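Participant: Here you go, this is coords.txt (compact mmCIF, C-alpha atoms).
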```txt
# COMPACT_ATOMS: atom_id res chain seq x y z
CA MET A 6 -7.89 34.87 -11.55
CA LEU A 7 -9.05 31.79 -9.66
CA LEU A 8 -10.08 30.11 -12.91
CA LEU A 9 -6.70 30.88 -14.44
CA ALA A 10 -4.90 29.40 -11.43
CA ALA A 11 -7.01 26.22 -11.65
CA ALA A 12 -6.33 25.91 -15.38
CA SER A 13 -2.59 26.37 -14.78
CA LEU A 14 -2.61 23.64 -12.12
CA VAL A 15 -4.39 21.20 -14.42
CA ALA A 16 -1.97 22.00 -17.25
CA PHE A 17 1.02 21.49 -14.95
CA VAL A 18 -0.27 18.10 -13.75
CA LEU A 19 -0.91 16.95 -17.32
CA LEU A 20 2.57 18.10 -18.34
CA LEU A 21 4.13 16.07 -15.55
CA TYR A 22 2.04 13.08 -16.55
CA MET A 23 3.29 13.26 -20.15
CA VAL A 24 6.93 14.01 -19.36
CA SER A 25 7.40 11.44 -16.57
CA PRO A 26 7.79 8.42 -18.90
CA LEU A 27 10.78 10.19 -20.50
CA ILE A 28 12.64 10.54 -17.20
CA SER A 29 11.43 7.41 -15.43
CA PRO A 30 13.64 4.31 -15.12
CA LYS A 31 13.23 1.47 -17.58
CA PRO A 32 10.65 -1.15 -16.57
CA LEU A 33 11.99 -4.10 -14.63
CA ALA A 34 11.67 -7.31 -16.65
CA LEU A 35 9.69 -9.70 -14.47
CA SER A 36 10.41 -12.83 -16.48
CA GLY A 37 12.76 -14.86 -14.29
CA ALA A 38 12.85 -12.15 -11.61
CA HIS A 39 12.55 -12.94 -7.92
CA VAL A 40 9.62 -11.00 -6.43
CA VAL A 41 8.91 -10.99 -2.71
CA VAL A 42 5.41 -9.99 -1.61
CA THR A 43 4.66 -9.43 2.06
CA GLY A 44 1.01 -9.72 3.03
CA GLY A 45 0.81 -12.03 0.04
CA SER A 46 -1.70 -14.56 1.33
CA SER A 47 -4.79 -12.49 0.47
CA GLY A 48 -6.17 -9.27 -0.95
CA ILE A 49 -3.99 -6.90 -2.96
CA GLY A 50 -0.80 -8.76 -2.04
CA LYS A 51 -2.03 -12.05 -3.47
CA CYS A 52 -3.24 -10.33 -6.64
CA ILE A 53 0.15 -8.64 -7.07
CA ALA A 54 1.83 -12.04 -6.76
CA ILE A 55 -0.52 -13.48 -9.40
CA GLU A 56 0.15 -10.57 -11.74
CA CYS A 57 3.91 -11.00 -11.42
CA TYR A 58 3.65 -14.78 -11.82
CA LYS A 59 1.71 -14.28 -15.05
CA GLN A 60 4.75 -12.40 -16.34
CA GLY A 61 7.18 -15.20 -15.49
CA ALA A 62 8.41 -14.14 -12.05
CA PHE A 63 9.51 -16.42 -9.21
CA ILE A 64 7.49 -15.55 -6.12
CA THR A 65 8.18 -15.56 -2.40
CA LEU A 66 4.98 -15.09 -0.43
CA VAL A 67 5.37 -13.79 3.12
CA ALA A 68 2.53 -13.72 5.65
CA ARG A 69 1.67 -14.95 9.14
CA ASN A 70 -1.00 -17.57 8.46
CA GLU A 71 0.56 -20.71 6.99
CA ASP A 72 -2.77 -22.21 5.88
CA LYS A 73 -3.70 -19.07 3.93
CA LEU A 74 -0.23 -19.01 2.40
CA LEU A 75 -0.57 -22.56 1.09
CA GLN A 76 -4.01 -21.78 -0.30
CA ALA A 77 -2.68 -18.66 -2.03
CA LYS A 78 0.23 -20.68 -3.42
CA LYS A 79 -2.17 -23.08 -5.14
CA GLU A 80 -4.13 -20.18 -6.65
CA ILE A 81 -0.99 -18.46 -7.93
CA GLU A 82 0.49 -21.61 -9.45
CA LYS A 83 -2.53 -21.89 -11.76
CA HIS A 84 -1.18 -18.86 -13.63
CA SER A 85 2.30 -20.17 -14.47
CA ILE A 86 3.67 -19.59 -17.97
CA ASN A 87 6.49 -22.13 -17.72
CA ASP A 88 7.39 -25.19 -15.66
CA LYS A 89 10.43 -23.55 -14.06
CA GLN A 90 8.50 -21.02 -11.98
CA VAL A 91 8.37 -21.46 -8.22
CA VAL A 92 6.16 -20.08 -5.45
CA LEU A 93 7.91 -20.15 -2.07
CA CYS A 94 5.88 -19.62 1.12
CA ILE A 95 7.35 -18.19 4.31
CA SER A 96 5.31 -17.80 7.48
CA VAL A 97 6.58 -14.90 9.61
CA ASP A 98 5.32 -11.70 11.21
CA VAL A 99 7.30 -9.00 9.39
CA SER A 100 6.54 -6.39 12.06
CA GLN A 101 7.90 -8.03 15.20
CA ASP A 102 11.53 -9.14 14.99
CA TYR A 103 13.97 -7.68 12.46
CA GLY A 104 16.47 -10.48 13.01
CA GLN A 105 13.84 -13.06 12.11
CA VAL A 106 12.77 -11.11 9.03
CA GLU A 107 16.39 -10.81 7.91
CA ASN A 108 16.90 -14.56 8.29
CA VAL A 109 13.85 -15.53 6.23
CA MET A 110 14.86 -13.09 3.49
CA LYS A 111 18.27 -14.76 3.36
CA GLN A 112 16.56 -18.15 3.10
CA ALA A 113 14.39 -16.90 0.23
CA GLN A 114 17.42 -15.56 -1.63
CA GLU A 115 19.34 -18.79 -1.13
CA LYS A 116 16.49 -20.71 -2.77
CA LEU A 117 15.33 -18.33 -5.50
CA GLY A 118 18.24 -15.92 -5.93
CA PRO A 119 18.62 -12.24 -5.07
CA VAL A 120 15.43 -10.24 -4.65
CA ASP A 121 14.73 -8.13 -7.73
CA MET A 122 11.53 -6.58 -6.43
CA LEU A 123 10.09 -6.33 -2.94
CA VAL A 124 6.44 -5.43 -2.54
CA ASN A 125 5.57 -4.32 0.99
CA CYS A 126 1.87 -5.09 1.18
CA ALA A 127 1.49 -6.33 4.77
CA GLY A 128 -0.88 -4.07 6.63
CA THR A 129 -3.95 -3.71 8.80
CA SER A 130 -6.55 -1.08 9.63
CA LEU A 131 -8.84 -0.13 12.46
CA ALA A 132 -11.10 2.91 12.28
CA GLY A 133 -12.44 4.91 15.18
CA LYS A 134 -12.50 8.36 16.72
CA PHE A 135 -9.21 9.50 18.22
CA GLU A 136 -10.38 9.45 21.83
CA ASP A 137 -12.16 6.12 21.40
CA LEU A 138 -9.12 4.23 20.11
CA GLU A 139 -6.89 2.48 22.61
CA VAL A 140 -3.29 3.68 22.71
CA SER A 141 -2.27 0.11 21.90
CA THR A 142 -4.10 0.47 18.56
CA PHE A 143 -1.76 3.28 17.52
CA GLU A 144 1.23 1.18 18.53
CA ARG A 145 -0.02 -1.91 16.68
CA LEU A 146 -0.86 -0.09 13.44
CA MET A 147 2.46 1.72 13.42
CA SER A 148 4.22 -1.59 14.03
CA VAL A 149 2.39 -3.52 11.30
CA ASN A 150 1.99 -0.81 8.65
CA TYR A 151 5.27 1.05 9.13
CA LEU A 152 7.83 -1.27 10.72
CA GLY A 153 6.29 -4.13 8.74
CA SER A 154 7.60 -2.29 5.67
CA VAL A 155 10.88 -1.10 7.20
CA TYR A 156 12.12 -4.55 8.22
CA PRO A 157 11.76 -6.39 4.88
CA SER A 158 13.14 -3.38 2.98
CA ARG A 159 16.13 -3.13 5.30
CA ALA A 160 16.79 -6.85 4.82
CA VAL A 161 17.10 -6.67 1.01
CA ILE A 162 18.32 -3.15 0.22
CA THR A 163 22.04 -3.82 0.68
CA THR A 164 22.05 -6.64 -1.89
CA MET A 165 20.05 -4.50 -4.31
CA LYS A 166 22.59 -1.70 -4.04
CA GLU A 167 25.48 -4.12 -4.53
CA ARG A 168 23.85 -5.58 -7.66
CA ARG A 169 22.89 -2.12 -8.92
CA VAL A 170 19.35 -3.31 -9.59
CA GLY A 171 16.14 -3.52 -7.61
CA ARG A 172 12.69 -2.20 -6.91
CA VAL A 173 11.05 -1.59 -3.57
CA VAL A 174 7.30 -1.02 -3.63
CA PHE A 175 5.40 0.35 -0.66
CA VAL A 176 1.64 -0.12 -0.68
CA SER A 177 0.22 2.81 1.25
CA SER A 178 -3.36 4.06 0.91
CA GLN A 179 -5.37 7.09 -0.11
CA ALA A 180 -5.56 7.59 3.66
CA GLY A 181 -1.78 7.93 3.47
CA GLN A 182 -2.26 11.12 1.46
CA LEU A 183 -5.28 12.63 3.18
CA GLY A 184 -5.88 12.49 6.91
CA LEU A 185 -9.49 11.40 7.18
CA PHE A 186 -12.08 11.28 9.96
CA GLY A 187 -11.76 8.04 11.91
CA TYR A 188 -8.27 7.25 10.64
CA THR A 189 -6.01 8.99 13.14
CA ALA A 190 -4.20 5.72 13.81
CA TYR A 191 -4.32 4.29 10.30
CA SER A 192 -3.55 7.47 8.33
CA SER A 193 -0.54 8.34 10.44
CA SER A 194 0.97 4.89 9.92
CA LYS A 195 0.44 5.17 6.16
CA PHE A 196 1.77 8.74 6.01
CA ALA A 197 4.95 7.44 7.62
CA ILE A 198 5.47 5.10 4.68
CA ARG A 199 5.53 8.02 2.28
CA GLY A 200 8.24 9.76 4.28
CA LEU A 201 10.26 6.56 4.43
CA ALA A 202 9.90 5.95 0.70
CA GLU A 203 10.84 9.48 -0.36
CA ALA A 204 13.92 9.56 1.86
CA LEU A 205 14.98 6.04 0.85
CA GLN A 206 14.63 6.87 -2.84
CA MET A 207 17.17 9.67 -2.49
CA GLU A 208 19.62 7.22 -0.92
CA VAL A 209 19.31 4.34 -3.37
CA LYS A 210 18.67 6.04 -6.71
CA PRO A 211 22.42 6.40 -7.44
CA TYR A 212 22.63 2.59 -7.24
CA ASN A 213 19.92 2.09 -9.87
CA VAL A 214 17.46 1.00 -7.18
CA TYR A 215 14.05 2.61 -7.39
CA VAL A 216 11.31 3.07 -4.83
CA THR A 217 7.64 3.43 -5.67
CA VAL A 218 4.63 4.13 -3.48
CA ALA A 219 1.11 3.02 -4.34
CA TYR A 220 -1.88 4.87 -2.88
CA PRO A 221 -4.82 2.57 -3.67
CA PRO A 222 -8.37 3.70 -2.84
CA ASP A 223 -10.90 1.51 -1.03
CA THR A 224 -10.42 -2.01 -2.37
CA ASP A 225 -12.63 -5.06 -2.02
CA THR A 226 -10.43 -7.24 0.20
CA PRO A 227 -10.91 -9.23 3.42
CA GLY A 228 -9.07 -6.48 5.26
CA PHE A 229 -11.44 -3.82 3.92
CA ALA A 230 -14.46 -5.86 5.00
CA LYS A 231 -13.03 -6.12 8.50
CA GLU A 232 -12.23 -2.41 8.56
CA ASN A 233 -15.84 -1.53 7.68
CA GLN A 234 -16.99 -3.10 10.94
CA THR A 235 -15.22 -0.42 13.01
CA LYS A 236 -15.92 2.72 10.94
CA PRO A 237 -17.73 5.61 12.65
CA LEU A 238 -20.74 7.05 10.82
CA GLU A 239 -18.75 9.94 9.37
CA THR A 240 -16.10 7.59 7.99
CA ARG A 241 -18.73 5.33 6.42
CA LEU A 242 -20.39 8.30 4.71
CA ILE A 243 -17.05 9.48 3.35
CA SER A 244 -16.35 5.99 2.00
CA GLU A 245 -19.72 5.95 0.26
CA THR A 246 -18.69 8.95 -1.87
CA THR A 247 -15.95 6.89 -3.53
CA SER A 248 -16.08 3.66 -5.50
CA VAL A 249 -14.58 0.40 -4.23
CA CYS A 250 -11.97 -1.06 -6.56
CA LYS A 251 -11.29 -4.70 -7.36
CA PRO A 252 -7.95 -5.96 -5.99
CA GLU A 253 -7.00 -7.33 -9.42
CA GLN A 254 -7.27 -3.85 -10.94
CA VAL A 255 -5.23 -2.29 -8.16
CA ALA A 256 -2.58 -5.01 -8.44
CA LYS A 257 -2.15 -4.48 -12.18
CA GLN A 258 -1.64 -0.76 -11.63
CA ILE A 259 0.94 -1.32 -8.90
CA VAL A 260 2.93 -3.82 -10.94
CA LYS A 261 3.19 -1.47 -13.89
CA ASP A 262 6.35 0.57 -13.75
CA ALA A 263 4.29 3.65 -14.44
CA VAL A 264 2.72 3.32 -11.00
CA VAL A 265 4.55 6.40 -9.71
CA VAL A 266 3.08 8.58 -12.47
CA THR A 267 -0.45 7.27 -12.05
CA MET A 268 -0.49 7.37 -8.27
CA GLY A 269 1.03 10.85 -8.39
CA LEU A 270 -1.90 11.94 -10.51
CA PHE A 271 -4.27 10.29 -8.02
CA ARG A 272 -2.57 12.25 -5.26
CA THR A 273 -3.35 15.58 -6.96
CA ILE A 274 -6.93 14.59 -7.67
CA ALA A 275 -7.40 13.38 -4.09
CA LEU A 276 -6.86 16.90 -2.74
CA PHE A 277 -10.13 17.97 -4.35
CA TYR A 278 -12.03 15.48 -2.18
CA LEU A 279 -11.12 17.29 1.04
CA GLY A 280 -13.82 19.93 0.71
CA SER A 281 -16.64 17.40 0.31
CA PHE A 282 -15.27 15.21 3.11
CA ASP A 283 -15.16 18.18 5.50
CA SER A 284 -18.74 19.01 4.53
CA ILE A 285 -19.89 15.47 5.41
CA VAL A 286 -18.28 15.68 8.84
CA ARG A 287 -19.86 19.09 9.52
CA ARG A 288 -23.31 17.80 8.56
CA CYS A 289 -22.91 14.83 10.87
CA MET A 290 -21.89 17.12 13.74
CA THR A 291 -24.92 19.35 13.12
CA GLN A 292 -27.28 16.37 13.07
CA LYS A 293 -25.80 14.97 16.28
CA ALA A 294 -26.08 18.34 17.98
CA LYS A 295 -29.76 18.55 17.01
CA LEU A 296 -30.41 15.04 18.33
CA GLU A 297 -28.65 15.84 21.61
CA THR A 298 -30.75 18.99 21.97
CA VAL A 299 -33.95 17.01 21.37
CA ASP A 300 -32.90 14.40 23.96
CA LYS A 301 -32.18 17.06 26.58
CA THR A 302 -35.55 18.77 26.07
CA ALA A 303 -37.51 15.52 25.95
```
As structure tokens, please, write out the structure in this file.
Facilitator:
Amino acid sequence: MLLLAAASLVAFVLLLYMVSPLISPKPLALSGAHVVVTGGSSGIGKCIAIECYKQGAFITLVARNEDKLLQAKKEIEKHSINDKQVVLCISVDVSQDYGQVENVMKQAQEKLGPVDMLVNCAGTSLAGKFEDLEVSTFERLMSVNYLGSVYPSRAVITTMKERRVGRVVFVSSQAGQLGLFGYTAYSSSKFAIRGLAEALQMEVKPYNVYVTVAYPPDTDTPGFAKENQTKPLETRLISETTSVCKPEQVAKQIVKDAVVVTMGLFRTIALFYLGSFDSIVRRCMTQKAKLETVDKTA
């Protein structure tokens, strides 16, 4: 019976995978489109900007560090396919002041036209056990990862609805599908994005505006390197059971219109990791308990 249930689940997932292209919206033509990428000065965001630029898009890069933005601009411009393309850089913290975010989005649209696609890629991570994390860490991650996606989306969605065209992409994480050891602050902020995206999609779909959510796994970025410095032992061991992806690969997958189908499949597969992850945590607890017992008797 269990085997039959598992086979039925696999068959259902494969059926969804094959049928989805028939009911999915048509791909957005990126040639000449205005694409805004937050968190675009490095990592996945920069690679997404490059991928879109290769397809003829006009790019607005949004990030806090102006020097990194200018460096990213130079890298992206190497991939132009015509002399009309433009890379606009805007330095702003998308998580702090909605009024400021709204103003810079207006400036971007005045220069490059209405936003056809917004990619919310600004984010940060800090790992640690729940009781070891400062309360301010929860506030900061929710501000950057969640509100940092709300504000830019809110600033462009009205125009998209009026034009009856647009895409909003939220870059979440595999930790936004599975709550993992050491990620009580990070996972919750990424889970929030999924709720936002699903609710927003219901509101804007009648206007031919579509929302997608990407759930990339561990990716070799500056942010990931920084995150590794704060991971507890259990979190590091869990990470070692999965492969680290290249940001270019992740970016290509996100840019493809089929991202919803692929990431949906990843979501189903990810559930099967829970058992092994729980086992790792239990083993670590057992080992720590043994060490504590040895220390007390020494």
Participant: Of the candidates A:Glu203, A:Glu208, A:Asp102, A:Glu136, which one gets nearest to Ala160 in chain A if we count all atoms listed in the file?
Facilitator: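 Smallest separation from Ala160 in chain A among the options: A:Asp102.
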Participant: Quick check, in Å to one decimal: how far apart do CA of Ala38 in chain A and CA of Ala62 in chain A lie?
Facilitator: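 If I compute the distance from CA of Ala38 in chain A to CA of Ala62 in chain A, I get 4.9 Å.
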Participant: Within 10 Å of Lys210 in chain A, counting only C-alpha atoms, which residues qualify if same-chain residues fewer than 6 places away don't, as number ranges by chain?
Facilitator: A: 30, 166, 169-171, 216
Participant: Would you kindly return, as a PyMOL selection string, each protein, DNA or RNA residue with an atom no farther than 7 Å from any atom of Val149 in chain A, considering all atoms listed in the file and excluding same-chain residues fewer than 4 positions away?
Facilitator: chain A and resi 100+128-129+145+153
Participant: Give the answer as one residue: which of A:Val286, A:Ile198, A:Val124, A:Val42 has the shortest atom-to-atom distance to Thr240 in chain A, using all atoms listed in the file?
Facilitator: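 Smallest distance to Thr240 in chain A is found for A:Val286.
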Participant: For Glu71 in chain A, which of A:Glu115, A:Glu139, A:Asp225, A:Asp98 is the closest residue, counting only C-alpha atoms?
Facilitator: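 With only C-alpha atoms as the atom set, the closest residue is A:Asp98.
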